[in-house]
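The next block is my_file33.txt, given as compact mmCIF, N, CA and C atoms.
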# COMPACT_ATOMS: atom_id res chain seq x y z
N MET O 187 13.95 -36.23 21.82
CA MET O 187 12.86 -35.55 22.49
C MET O 187 11.61 -36.43 22.38
N GLN O 188 10.86 -36.54 23.45
CA GLN O 188 9.71 -37.41 23.49
C GLN O 188 8.41 -36.60 23.44
N ALA O 189 7.43 -37.10 22.69
CA ALA O 189 6.13 -36.43 22.59
C ALA O 189 5.41 -36.49 23.94
N PRO O 190 4.57 -35.49 24.23
CA PRO O 190 3.80 -35.52 25.48
C PRO O 190 2.73 -36.61 25.43
N GLU O 191 2.20 -36.97 26.60
CA GLU O 191 1.14 -37.97 26.69
C GLU O 191 -0.10 -37.33 27.28
N ALA O 192 -1.27 -37.61 26.67
CA ALA O 192 -2.54 -37.02 27.12
C ALA O 192 -3.47 -38.10 27.66
N THR O 193 -4.09 -37.81 28.80
CA THR O 193 -5.09 -38.70 29.39
C THR O 193 -6.24 -37.84 29.91
N THR O 194 -7.46 -38.13 29.49
CA THR O 194 -8.59 -37.41 30.05
C THR O 194 -9.01 -38.07 31.34
N LYS O 195 -9.49 -37.27 32.26
CA LYS O 195 -9.89 -37.78 33.58
C LYS O 195 -11.38 -38.06 33.57
N GLY O 196 -11.74 -39.22 33.97
CA GLY O 196 -13.15 -39.55 34.06
C GLY O 196 -13.76 -39.85 32.72
N GLY O 197 -14.77 -39.18 32.37
CA GLY O 197 -15.54 -39.43 31.19
C GLY O 197 -17.00 -39.22 31.53
N VAL O 198 -17.20 -38.52 32.61
CA VAL O 198 -18.56 -38.23 33.08
C VAL O 198 -18.72 -36.73 33.24
N PHE O 199 -19.94 -36.29 33.34
CA PHE O 199 -20.25 -34.90 33.62
C PHE O 199 -19.59 -34.52 34.94
N VAL O 200 -18.77 -33.48 34.93
CA VAL O 200 -17.97 -33.17 36.11
C VAL O 200 -18.58 -32.06 36.94
N GLU O 201 -18.85 -30.91 36.34
CA GLU O 201 -19.38 -29.79 37.11
C GLU O 201 -20.23 -28.91 36.21
N GLU O 202 -21.38 -28.54 36.69
CA GLU O 202 -22.31 -27.74 35.91
C GLU O 202 -22.13 -26.26 36.24
N PHE O 203 -21.99 -25.42 35.21
CA PHE O 203 -21.98 -23.98 35.40
C PHE O 203 -22.26 -23.32 34.06
N TYR O 204 -23.10 -22.30 34.06
CA TYR O 204 -23.49 -21.63 32.82
C TYR O 204 -23.86 -22.62 31.73
N GLU O 205 -24.61 -23.65 32.09
CA GLU O 205 -25.02 -24.68 31.15
C GLU O 205 -23.80 -25.31 30.47
N GLY O 206 -22.71 -25.46 31.20
CA GLY O 206 -21.48 -26.01 30.65
C GLY O 206 -20.87 -27.06 31.54
N VAL O 207 -19.67 -27.47 31.18
CA VAL O 207 -18.97 -28.55 31.87
C VAL O 207 -17.50 -28.19 32.00
N LEU O 208 -16.90 -28.59 33.12
CA LEU O 208 -15.44 -28.54 33.25
C LEU O 208 -14.90 -29.89 32.82
N LEU O 209 -13.91 -29.88 31.94
CA LEU O 209 -13.26 -31.10 31.48
C LEU O 209 -11.87 -31.15 32.09
N PHE O 210 -11.48 -32.31 32.60
CA PHE O 210 -10.18 -32.45 33.25
C PHE O 210 -9.34 -33.51 32.54
N GLY O 211 -8.05 -33.29 32.58
CA GLY O 211 -7.14 -34.27 32.00
C GLY O 211 -5.76 -34.16 32.63
N PHE O 212 -4.89 -35.08 32.25
CA PHE O 212 -3.51 -35.08 32.71
C PHE O 212 -2.58 -35.09 31.52
N ILE O 213 -1.46 -34.37 31.66
CA ILE O 213 -0.45 -34.35 30.61
C ILE O 213 0.89 -34.74 31.21
N LYS O 214 1.53 -35.69 30.62
CA LYS O 214 2.91 -36.00 30.98
C LYS O 214 3.77 -35.27 29.95
N THR O 215 4.44 -34.22 30.40
CA THR O 215 5.14 -33.29 29.50
C THR O 215 6.56 -33.73 29.13
N HIS O 216 7.12 -34.65 29.89
CA HIS O 216 8.52 -35.07 29.73
C HIS O 216 9.46 -33.88 29.87
N GLY O 217 9.05 -32.92 30.72
CA GLY O 217 9.90 -31.78 31.04
C GLY O 217 9.94 -30.69 29.99
N ILE O 218 9.04 -30.75 28.99
CA ILE O 218 9.03 -29.76 27.92
C ILE O 218 7.74 -28.94 28.01
N PRO O 219 7.81 -27.61 27.92
CA PRO O 219 6.58 -26.82 27.91
C PRO O 219 5.62 -27.37 26.84
N THR O 220 4.37 -27.57 27.23
CA THR O 220 3.42 -28.28 26.38
C THR O 220 2.11 -27.51 26.24
N HIS O 221 1.62 -27.43 25.02
CA HIS O 221 0.33 -26.80 24.72
C HIS O 221 -0.75 -27.87 24.75
N TYR O 222 -1.98 -27.46 25.02
CA TYR O 222 -3.08 -28.43 25.03
C TYR O 222 -4.39 -27.76 24.68
N ARG O 223 -5.34 -28.58 24.26
CA ARG O 223 -6.71 -28.12 24.09
C ARG O 223 -7.65 -29.31 24.17
N PHE O 224 -8.88 -29.04 24.56
CA PHE O 224 -9.93 -30.03 24.57
C PHE O 224 -10.83 -29.76 23.37
N GLN O 225 -11.28 -30.82 22.73
CA GLN O 225 -12.28 -30.71 21.68
C GLN O 225 -13.52 -31.44 22.18
N TYR O 226 -14.70 -30.94 21.82
CA TYR O 226 -15.94 -31.61 22.23
C TYR O 226 -17.01 -31.40 21.18
N GLY O 227 -18.01 -32.24 21.21
CA GLY O 227 -19.14 -32.13 20.30
C GLY O 227 -20.08 -33.31 20.47
N ARG O 228 -21.16 -33.29 19.73
CA ARG O 228 -22.16 -34.35 19.85
C ARG O 228 -21.74 -35.65 19.18
N THR O 229 -20.71 -35.58 18.33
CA THR O 229 -20.18 -36.78 17.67
C THR O 229 -18.67 -36.78 17.79
N LYS O 230 -18.03 -37.83 17.29
CA LYS O 230 -16.56 -37.90 17.30
C LYS O 230 -15.93 -36.95 16.30
N ALA O 231 -16.73 -36.22 15.56
CA ALA O 231 -16.20 -35.16 14.70
C ALA O 231 -15.88 -33.91 15.56
N TYR O 232 -16.37 -33.90 16.81
CA TYR O 232 -16.15 -32.83 17.80
C TYR O 232 -16.69 -31.50 17.27
N GLY O 233 -15.87 -30.63 16.74
CA GLY O 233 -16.37 -29.38 16.18
C GLY O 233 -16.26 -28.16 17.07
N HIS O 234 -16.01 -28.36 18.38
CA HIS O 234 -15.90 -27.23 19.31
C HIS O 234 -14.63 -27.38 20.13
N ARG O 235 -14.09 -26.23 20.54
CA ARG O 235 -12.93 -26.22 21.43
C ARG O 235 -13.33 -25.65 22.78
N ALA O 236 -12.85 -26.28 23.83
CA ALA O 236 -13.08 -25.76 25.18
C ALA O 236 -12.05 -24.69 25.48
N TYR O 237 -12.44 -23.70 26.27
CA TYR O 237 -11.49 -22.69 26.72
C TYR O 237 -10.51 -23.34 27.69
N VAL O 238 -9.23 -23.07 27.49
CA VAL O 238 -8.20 -23.59 28.41
C VAL O 238 -7.35 -22.44 28.92
N GLY O 239 -6.68 -22.67 30.02
CA GLY O 239 -5.81 -21.65 30.61
C GLY O 239 -4.43 -21.66 29.98
N GLU O 240 -3.43 -21.50 30.79
CA GLU O 240 -2.05 -21.45 30.32
C GLU O 240 -1.55 -22.82 29.91
N ASP O 241 -0.43 -22.83 29.20
CA ASP O 241 0.20 -24.08 28.81
C ASP O 241 0.66 -24.85 30.03
N ALA O 242 0.82 -26.14 29.87
CA ALA O 242 1.26 -27.02 30.97
C ALA O 242 2.78 -27.05 31.02
N TYR O 243 3.32 -26.91 32.21
CA TYR O 243 4.75 -27.04 32.41
C TYR O 243 4.98 -28.18 33.38
N GLY O 244 5.74 -29.16 32.96
CA GLY O 244 5.89 -30.37 33.75
C GLY O 244 7.15 -30.44 34.58
N TYR O 245 7.91 -29.37 34.64
CA TYR O 245 9.15 -29.34 35.42
C TYR O 245 10.04 -30.52 35.04
N ASP O 246 10.12 -31.54 35.87
CA ASP O 246 11.00 -32.66 35.55
C ASP O 246 10.34 -33.66 34.62
N GLY O 247 9.02 -33.57 34.44
CA GLY O 247 8.32 -34.44 33.51
C GLY O 247 8.01 -35.83 34.03
N LYS O 248 8.36 -36.11 35.28
CA LYS O 248 8.13 -37.46 35.83
C LYS O 248 6.67 -37.69 36.22
N PHE O 249 5.98 -36.63 36.58
CA PHE O 249 4.61 -36.76 37.05
C PHE O 249 3.67 -35.99 36.14
N PRO O 250 2.48 -36.52 35.89
CA PRO O 250 1.52 -35.82 35.03
C PRO O 250 1.04 -34.51 35.67
N VAL O 251 0.76 -33.53 34.83
CA VAL O 251 0.24 -32.24 35.24
C VAL O 251 -1.26 -32.25 34.98
N GLU O 252 -2.08 -31.87 35.99
CA GLU O 252 -3.52 -31.82 35.78
C GLU O 252 -3.89 -30.51 35.10
N VAL O 253 -4.75 -30.58 34.09
CA VAL O 253 -5.20 -29.40 33.35
C VAL O 253 -6.72 -29.46 33.22
N GLU O 254 -7.31 -28.33 32.86
CA GLU O 254 -8.76 -28.31 32.68
C GLU O 254 -9.15 -27.41 31.52
N GLY O 255 -10.34 -27.62 31.03
CA GLY O 255 -10.94 -26.79 30.00
C GLY O 255 -12.40 -26.59 30.34
N SER O 256 -12.99 -25.51 29.88
CA SER O 256 -14.39 -25.26 30.21
C SER O 256 -15.22 -25.04 28.95
N THR O 257 -16.44 -25.52 29.01
CA THR O 257 -17.40 -25.33 27.94
C THR O 257 -18.54 -24.50 28.51
N ASN O 258 -19.40 -24.00 27.65
CA ASN O 258 -20.61 -23.34 28.15
C ASN O 258 -21.72 -23.44 27.11
N TYR O 259 -22.92 -23.18 27.56
CA TYR O 259 -24.12 -23.18 26.72
C TYR O 259 -24.30 -24.49 25.97
N LEU O 260 -24.25 -25.59 26.71
CA LEU O 260 -24.51 -26.90 26.13
C LEU O 260 -26.01 -27.19 26.18
N SER O 261 -26.46 -28.07 25.30
CA SER O 261 -27.87 -28.46 25.29
C SER O 261 -28.17 -29.40 26.45
N PRO O 262 -29.34 -29.27 27.07
CA PRO O 262 -29.69 -30.19 28.16
C PRO O 262 -29.98 -31.59 27.64
N ASP O 263 -29.79 -32.57 28.52
CA ASP O 263 -30.10 -33.97 28.24
C ASP O 263 -29.48 -34.44 26.92
N THR O 264 -28.19 -34.15 26.77
CA THR O 264 -27.48 -34.46 25.52
C THR O 264 -26.15 -35.13 25.84
N THR O 265 -25.79 -36.12 25.05
CA THR O 265 -24.49 -36.77 25.19
C THR O 265 -23.47 -36.07 24.29
N TYR O 266 -22.31 -35.79 24.86
CA TYR O 266 -21.21 -35.14 24.14
C TYR O 266 -19.97 -36.03 24.20
N HIS O 267 -19.18 -35.97 23.16
CA HIS O 267 -17.86 -36.61 23.11
C HIS O 267 -16.82 -35.54 23.40
N PHE O 268 -15.69 -35.96 24.01
CA PHE O 268 -14.57 -35.02 24.16
C PHE O 268 -13.26 -35.78 24.15
N ARG O 269 -12.21 -35.04 23.84
CA ARG O 269 -10.84 -35.56 23.87
C ARG O 269 -9.90 -34.40 24.09
N MET O 270 -8.65 -34.72 24.43
CA MET O 270 -7.63 -33.71 24.64
C MET O 270 -6.50 -33.94 23.65
N ILE O 271 -6.01 -32.85 23.08
CA ILE O 271 -4.86 -32.89 22.17
C ILE O 271 -3.74 -32.12 22.84
N VAL O 272 -2.54 -32.70 22.88
CA VAL O 272 -1.37 -32.05 23.48
C VAL O 272 -0.22 -32.07 22.48
N TRP O 273 0.62 -31.02 22.52
CA TRP O 273 1.76 -31.00 21.62
C TRP O 273 2.87 -30.13 22.20
N ASN O 274 4.09 -30.51 21.84
CA ASN O 274 5.28 -29.73 22.19
C ASN O 274 6.36 -30.03 21.15
N LYS O 275 7.58 -29.61 21.41
CA LYS O 275 8.68 -29.82 20.45
C LYS O 275 8.93 -31.29 20.16
N GLY O 276 8.50 -32.17 21.07
CA GLY O 276 8.72 -33.60 20.89
C GLY O 276 7.67 -34.29 20.03
N GLY O 277 6.54 -33.61 19.77
CA GLY O 277 5.50 -34.20 18.95
C GLY O 277 4.11 -33.91 19.48
N LYS O 278 3.15 -34.74 19.07
CA LYS O 278 1.74 -34.53 19.38
C LYS O 278 1.13 -35.84 19.88
N SER O 279 0.12 -35.72 20.76
CA SER O 279 -0.58 -36.89 21.28
C SER O 279 -2.05 -36.53 21.44
N VAL O 280 -2.92 -37.52 21.25
CA VAL O 280 -4.36 -37.33 21.38
C VAL O 280 -4.89 -38.37 22.36
N SER O 281 -5.68 -37.92 23.32
CA SER O 281 -6.28 -38.86 24.28
C SER O 281 -7.38 -39.67 23.59
N ARG O 282 -7.83 -40.69 24.27
CA ARG O 282 -8.95 -41.45 23.72
C ARG O 282 -10.24 -40.66 23.87
N ASP O 283 -11.22 -40.99 23.09
CA ASP O 283 -12.53 -40.35 23.13
C ASP O 283 -13.24 -40.73 24.43
N ARG O 284 -13.89 -39.76 25.05
CA ARG O 284 -14.72 -39.99 26.22
C ARG O 284 -16.05 -39.28 26.00
N MET O 285 -17.01 -39.56 26.87
CA MET O 285 -18.33 -38.93 26.74
C MET O 285 -18.82 -38.44 28.09
N PHE O 286 -19.69 -37.44 28.06
CA PHE O 286 -20.43 -37.01 29.23
C PHE O 286 -21.85 -36.69 28.77
N HIS O 287 -22.77 -36.70 29.73
CA HIS O 287 -24.17 -36.41 29.42
C HIS O 287 -24.64 -35.26 30.30
N THR O 288 -25.22 -34.25 29.68
CA THR O 288 -25.70 -33.10 30.43
C THR O 288 -27.04 -33.42 31.08
N PRO O 289 -27.33 -32.83 32.23
CA PRO O 289 -28.60 -33.09 32.90
C PRO O 289 -29.78 -32.46 32.15
N SER O 290 -30.96 -32.92 32.47
CA SER O 290 -32.18 -32.33 31.89
C SER O 290 -32.36 -30.92 32.40
N ALA O 291 -33.04 -30.12 31.63
CA ALA O 291 -33.26 -28.71 32.01
C ALA O 291 -34.16 -28.59 33.21
As a first step, turn the structure in this file into structure tokens.
Amino acid sequence: MQAPEATTKGGVFVEEFYEGVLLFGFIKTHGIPTHYRFQYGRTKAYGHRAYVGEDAYGYDGKFPVEVEGSTNYLSPDTTYHFRMIVWNKGGKSVSRDRMFHTPSA
């Protein structure tokens, strides 16, 4: 059984709503139901979890599944780090660290 693979999409501020951001990523599930979450914070210590929807199902596992997470009530004009963690019966994978910057108030 092979561990899932996590890739975050972009690394820039994606969409503003309720003083928050939508975070996007891709998961290659290798055909195994896969759980995921985004972590974010002002440093690489992260400290916060983004809300995510249902688990990712990759069917045949050949193509990555796009997933998203949402944050809210972020500080204006602030740089945040984020990453995605994915896991299934095959193991665990962590995407590389990315950053986004919130607009001024």
Checklist line | Those of chain O in DSSP strand (DSSP E), formatted as a VMD selection string | finding: chain O and resid 191 to 194 202 to 203 206 to 214 221 to 227 234 to 235 237 to 238 251 to 256 265 to 274 277 to 280 284 to 287
Margin query: Please return as a list in words every residue within 6 Å of (13.9, -35.8, 22.2), taking into account all atoms listed in the file and the file's own coordinates.
Written below: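 Residues with an atom close enough to that point: Met187, Gln188 and Gly276 of chain O.
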Note to self: Counting only N, CA and C atoms, I want the residues whose atoms come within 6.5 Å of (-22.8, -30.2, 28.6) in the file frame, returned as a list in words.
What the structure shows: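 Counting only N, CA and C atoms, I find these residues within 6.5 Å of (-22.8, -30.2, 28.6): Glu205, Gly206, Val207, Tyr259, Leu260, Ser261, His287, Thr288 and Pro289 of chain O.
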Check: Can you tell me, as a list in words, what residues are no more than 6 Å from Leu209 (chain O) when counting all atoms listed in the file, ignoring any on the same chain fewer than 6 positions away?
Finding: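 My reading of the contact set: Val253, Glu254, Gly255, Ser256 and Thr257 of chain O.
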Could you save the residues just selected, with N, CA and C atoms, as a short mmCIF file (atom, residue, chain, number, x, y, z; two decimals), in the coordinates of the input?
data_model
loop_
_atom_site.label_atom_id
_atom_site.label_comp_id
_atom_site.auth_asym_id
_atom_site.auth_seq_id
_atom_site.Cartn_x
_atom_site.Cartn_y
_atom_site.Cartn_z
N VAL O 253 -4.75 -30.58 34.09
CA VAL O 253 -5.20 -29.40 33.35
C VAL O 253 -6.72 -29.46 33.22
N GLU O 254 -7.31 -28.33 32.86
CA GLU O 254 -8.76 -28.31 32.68
C GLU O 254 -9.15 -27.41 31.52
N GLY O 255 -10.34 -27.62 31.03
CA GLY O 255 -10.94 -26.79 30.00
C GLY O 255 -12.40 -26.59 30.34
N SER O 256 -12.99 -25.51 29.88
CA SER O 256 -14.39 -25.26 30.21
C SER O 256 -15.22 -25.04 28.95
N THR O 257 -16.44 -25.52 29.01
CA THR O 257 -17.40 -25.33 27.94
C THR O 257 -18.54 -24.50 28.51
#
Check: Contacts of Ser279 (chain O) at 8 Å or less, counting only N, CA and C atoms, minus same-chain residues fewer than 5 places along, as a ChimeraX atom specification?
Finding: /O:189-193,270-274
Selected residues written out, N, CA and C atoms, as a CSV table (one decimal), in the coordinates of the input:
chain,number,residue,atom,x,y,z
O,189,ALA,N,7.4,-37.1,22.7
O,189,ALA,CA,6.1,-36.4,22.6
O,189,ALA,C,5.4,-36.5,23.9
O,190,PRO,N,4.6,-35.5,24.2
O,190,PRO,CA,3.8,-35.5,25.5
O,190,PRO,C,2.7,-36.6,25.4
O,191,GLU,N,2.2,-37.0,26.6
O,191,GLU,CA,1.1,-38.0,26.7
O,191,GLU,C,-0.1,-37.3,27.3
O,192,ALA,N,-1.3,-37.6,26.7
O,192,ALA,CA,-2.5,-37.0,27.1
O,192,ALA,C,-3.5,-38.1,27.7
O,193,THR,N,-4.1,-37.8,28.8
O,193,THR,CA,-5.1,-38.7,29.4
O,193,THR,C,-6.2,-37.8,29.9
O,270,MET,N,-8.6,-34.7,24.4
O,270,MET,CA,-7.6,-33.7,24.6
O,270,MET,C,-6.5,-33.9,23.6
O,271,ILE,N,-6.0,-32.8,23.1
O,271,ILE,CA,-4.9,-32.9,22.2
O,271,ILE,C,-3.7,-32.1,22.8
O,272,VAL,N,-2.5,-32.7,22.9
O,272,VAL,CA,-1.4,-32.0,23.5
O,272,VAL,C,-0.2,-32.1,22.5
O,273,TRP,N,0.6,-31.0,22.5
O,273,TRP,CA,1.8,-31.0,21.6
O,273,TRP,C,2.9,-30.1,22.2
O,274,ASN,N,4.1,-30.5,21.8
O,274,ASN,CA,5.3,-29.7,22.2
O,274,ASN,C,6.4,-30.0,21.2
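Across the model, the gap from CA of Lys248 (chain O) to CA of Arg235 (chain O) is 27.9 Å.
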Margin query: Between CA of Ser281 (chain O) and CA of Phe210 (chain O), what is the distance in Å, rounded to a tenth?
Written below: 11.7 Å
Check: Between CA of Lys275 (chain O) and CA of Gln225 (chain O), what is the distance, to one decimal in Å?
Finding: 21.0 Å
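Among the candidate residues O:Gly239, O:Pro250, O:Gly277, O:Gly227, the one lying nearest to Lys195 (chain O) is O:Pro250, with distances computed using only C-alpha atoms.
In this comparison, which uses only N, CA and C atoms, the residue of O:Leu208, O:Val238, O:His216, O:Phe286 approaching Tyr266 (chain O) most closely is O:Phe286.
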Margin query: Using all atoms listed in the file, can you tell me which of O:Asn258, O:Phe224, O:Thr229, O:Thr194 comes closest to Arg282 (chain O)?
Written below: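 Among the listed residues, the smallest separation from Arg282 (chain O) belongs to O:Thr194.
For Asp241 (chain O), the non-local neighbours within 6.5 Å, defined as residues at least 5 positions apart in the same chain or in other chains and counting all atoms listed in the file, are Pro219, Thr220, His221 and Tyr222 of chain O.
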